[in-house]
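K.L.:
Dropping the structure in here first, questions after.
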Amino acid sequence: MPYRIVRTSLSGAYLHASLGGEGRILLDGRWRPHKRGMTSLAPALALHAFHAIPSQRWQYCWVRYTFDSPRSKLGVLSPVITAFDGEPIRHAIMGLSHEMQGAGNAASCALWVDLIERYVDRFAEPWQDERRLRLLWMKVQSDLAHAWTLKKLASLAALSTEHLRRRCQRSMGRSPMQQLAVLRIQHAAHMLATTDEKIEVVAHSVGYQNPFAFSNTFKKITGLRPSHFRAHKRSNA
């Protein structure tokens, strides 16, 4: 039976792995197909939604992180969606569930949790082996207000613009400029949720001189306008 789930109060990151069938998941402001063998990671402080397709038996497993988890921390670089077998994660989750239904030994539960996190690491940090990309995005995160262009990003990575685009798409599931926008909005969302800075100040601090462009990009990625996002976070605090 088709269904849709929308989580507007999800503060932490959310990993979703498809095991069979097909559904749709909202990532970076647009609906994407989510088929067997695909895994995604929705960042912290962003609208998270997914729905099943009529006549499709969609099977999946998920891992939800709290806002204070390292996986949810500001500026985490992770692929938005890519091919990744979620079966090992499913088996580890089932192992943890079985342990919790029994005696619930704390040490055994910790081992299952550690195993789940090791599998998530395999998916979420492929860029760690991409030294040029790692150094590039570390530099960008340290200066989000800079007027970055694709040409500047490629020069910093010592790659051609097309080569950088291909490598980012392969490892992150986003183009370089899309990744830049996501990092900027993640930082802005964190500022809106944790400070009283004016929205215009927040926009400028992450590289947006035009408040309307900032508001539109923020809504596309998080699902809410900046002012609505701040009000929503405070009402749920």
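So you can find residues: chains in the structure tokens are A, B, ... in the order shown, residues in each start at 1, and ligands are numbered from 1 in order.
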Using DSSP on the backbone coordinates, identify all residues within stretch 12-209 of chain A classified as strand (DSSP E); present the result as a PyMOL selection string.
P.N.:
chain A and resi 14-20+22-27+30-35+38-42+48-52+59-64+81-83
K.L.:
Among stretch 16-229 of chain A, which ones does DSSP place in helix (DSSP H, G or I), written as a PyMOL selection string?
P.N.:
chain A and resi 70-72+87-101+106-124+126-129+131-142+150-157+161-172+176-194+199-205+211-222+226-229
K.L.:
When you count only C-alpha atoms, which of these residues is closest to A:Thr217: A:Arg131, A:Gly29, A:Ala46, A:Ala147?
P.N.:
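With only C-alpha atoms as the atom set, the closest residue is A:Gly29.
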K.L.:
Counting only C-alpha atoms, which of A:Lys220, A:Pro226, A:Asp68, A:Leu180 gets nearest to A:Glu197?
P.N.:
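Among A:Lys220, A:Pro226, A:Asp68, A:Leu180, it is A:Pro226 that comes nearest to A:Glu197.
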K.L.:
Neighbours of A:Val140 within 9 Å (only C-alpha atoms; same-chain residues fewer than 4 positions away dropped), as a VMD selection string?
P.N.:
chain A and resid 135 to 136 144 to 146 148 153 180 183
K.L.:
Write the residues you've just listed into a file as a PDB file, in the first residue's frame, and include N, CA and C atoms for each of them.
P.N.:
```pdb
ATOM      1  N   LEU A 135      41.132  17.601   0.718  1.00  0.00           N
ATOM      2  CA  LEU A 135      41.800  18.873   0.964  1.00  0.00           C
ATOM      3  C   LEU A 135      41.005  20.040   0.379  1.00  0.00           C
ATOM      4  N   LEU A 136      40.396  19.821  -0.778  1.00  0.00           N
ATOM      5  CA  LEU A 136      39.587  20.862  -1.407  1.00  0.00           C
ATOM      6  C   LEU A 136      38.443  21.279  -0.491  1.00  0.00           C
ATOM      7  N   LEU A 144      33.668  29.616   3.674  1.00  0.00           N
ATOM      8  CA  LEU A 144      32.433  29.469   2.893  1.00  0.00           C
ATOM      9  C   LEU A 144      31.978  30.782   2.277  1.00  0.00           C
ATOM     10  N   ALA A 145      32.391  31.911   2.841  1.00  0.00           N
ATOM     11  CA  ALA A 145      31.971  33.207   2.327  1.00  0.00           C
ATOM     12  C   ALA A 145      32.722  33.609   1.062  1.00  0.00           C
ATOM     13  N   HIS A 146      33.758  32.883   0.729  1.00  0.00           N
ATOM     14  CA  HIS A 146      34.543  33.210  -0.463  1.00  0.00           C
ATOM     15  C   HIS A 146      33.686  33.050  -1.719  1.00  0.00           C
ATOM     16  N   TRP A 148      33.413  31.410  -4.415  1.00  0.00           N
ATOM     17  CA  TRP A 148      33.893  30.233  -5.117  1.00  0.00           C
ATOM     18  C   TRP A 148      33.193  30.061  -6.467  1.00  0.00           C
ATOM     19  N   LEU A 153      37.460  26.199  -7.784  1.00  0.00           N
ATOM     20  CA  LEU A 153      37.474  24.907  -7.101  1.00  0.00           C
ATOM     21  C   LEU A 153      38.391  23.919  -7.821  1.00  0.00           C
ATOM     22  N   LEU A 180      29.011  22.638  -2.836  1.00  0.00           N
ATOM     23  CA  LEU A 180      29.278  23.927  -2.205  1.00  0.00           C
ATOM     24  C   LEU A 180      27.997  24.490  -1.591  1.00  0.00           C
ATOM     25  N   LEU A 183      27.043  22.580   1.623  1.00  0.00           N
ATOM     26  CA  LEU A 183      27.888  22.946   2.756  1.00  0.00           C
ATOM     27  C   LEU A 183      27.507  24.319   3.306  1.00  0.00           C
TER      28      LEU A 183
END
```
K.L.:
Residues near A:Arg36, anyone? I mean within 7 Å using only C-alpha atoms, not counting same-chain ones fewer than 2 positions away, as a ChimeraX atom specification.
P.N.:
/A:18-22,38
K.L.:
Limited to C-alpha atoms, could you put the picked residues into a file as an mmCIF file, in the first residue's frame?
P.N.:
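Listing of part06.cif after writing:
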```cif
data_model
loop_
_atom_site.group_PDB
_atom_site.id
_atom_site.type_symbol
_atom_site.label_atom_id
_atom_site.label_comp_id
_atom_site.auth_asym_id
_atom_site.auth_seq_id
_atom_site.Cartn_x
_atom_site.Cartn_y
_atom_site.Cartn_z
ATOM 1 C CA SER A 18 17.002 0.035 -0.082
ATOM 2 C CA LEU A 19 16.915 -3.754 0.057
ATOM 3 C CA GLY A 20 14.203 -4.497 -2.504
ATOM 4 C CA GLY A 21 11.619 -2.827 -4.718
ATOM 5 C CA GLU A 22 11.702 0.909 -5.271
ATOM 6 C CA MET A 38 21.083 2.141 -3.317
#
```
K.L.:
Env of A:Pro33: 12 Å cut, atoms = only C-alpha atoms, seq-sep filter 4 positions within chain, self excluded. Answer as a list in words.
P.N.:
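Returned residues: Ser18, Gly21, Glu22, Gly23, Arg24, Ile25, Leu26, Leu27, Gly37, Met38, Thr39, Ser40, Phe50, His51, Ala52, Ile53, Trp58, Ile81, Thr82 and Ala83 of chain A.
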K.L.:
A:Val80: which residues within 8 Å, counting only C-alpha atoms, same-chain residues fewer than 2 positions away excluded, as a VMD selection string?
P.N.:
chain A and resid 27 to 28 40 to 42 78 82 172 to 174
K.L.:
Dump C-alpha atoms for the selected residues as a PDB file, in the first residue's frame?
P.N.:
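Result saved to out01.pdb:
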```pdb
ATOM      1  CA  LEU A  27      17.252  14.723  -1.066  1.00  0.00           C
ATOM      2  CA  ASP A  28      18.798  18.124  -1.791  1.00  0.00           C
ATOM      3  CA  SER A  40      21.456   7.603   0.869  1.00  0.00           C
ATOM      4  CA  LEU A  41      22.352   9.907   3.720  1.00  0.00           C
ATOM      5  CA  ALA A  42      20.162  12.908   4.511  1.00  0.00           C
ATOM      6  CA  SER A  78      28.971  12.339   2.650  1.00  0.00           C
ATOM      7  CA  THR A  82      24.941   6.100  -4.499  1.00  0.00           C
ATOM      8  CA  MET A 172      29.517  12.420  -3.537  1.00  0.00           C
ATOM      9  CA  GLY A 173      26.534  12.138  -5.872  1.00  0.00           C
ATOM     10  CA  ARG A 174      26.634  15.906  -6.427  1.00  0.00           C
TER      11      ARG A 174
END
```
K.L.:
Out of A:Glu117, A:Asp143, A:Glu162, A:Glu125, which residue has the shortest atom-to-atom distance to A:Tyr65 when counting only C-alpha atoms?
P.N.:
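Checking each candidate against A:Tyr65, we get A:Glu117 as the closest.
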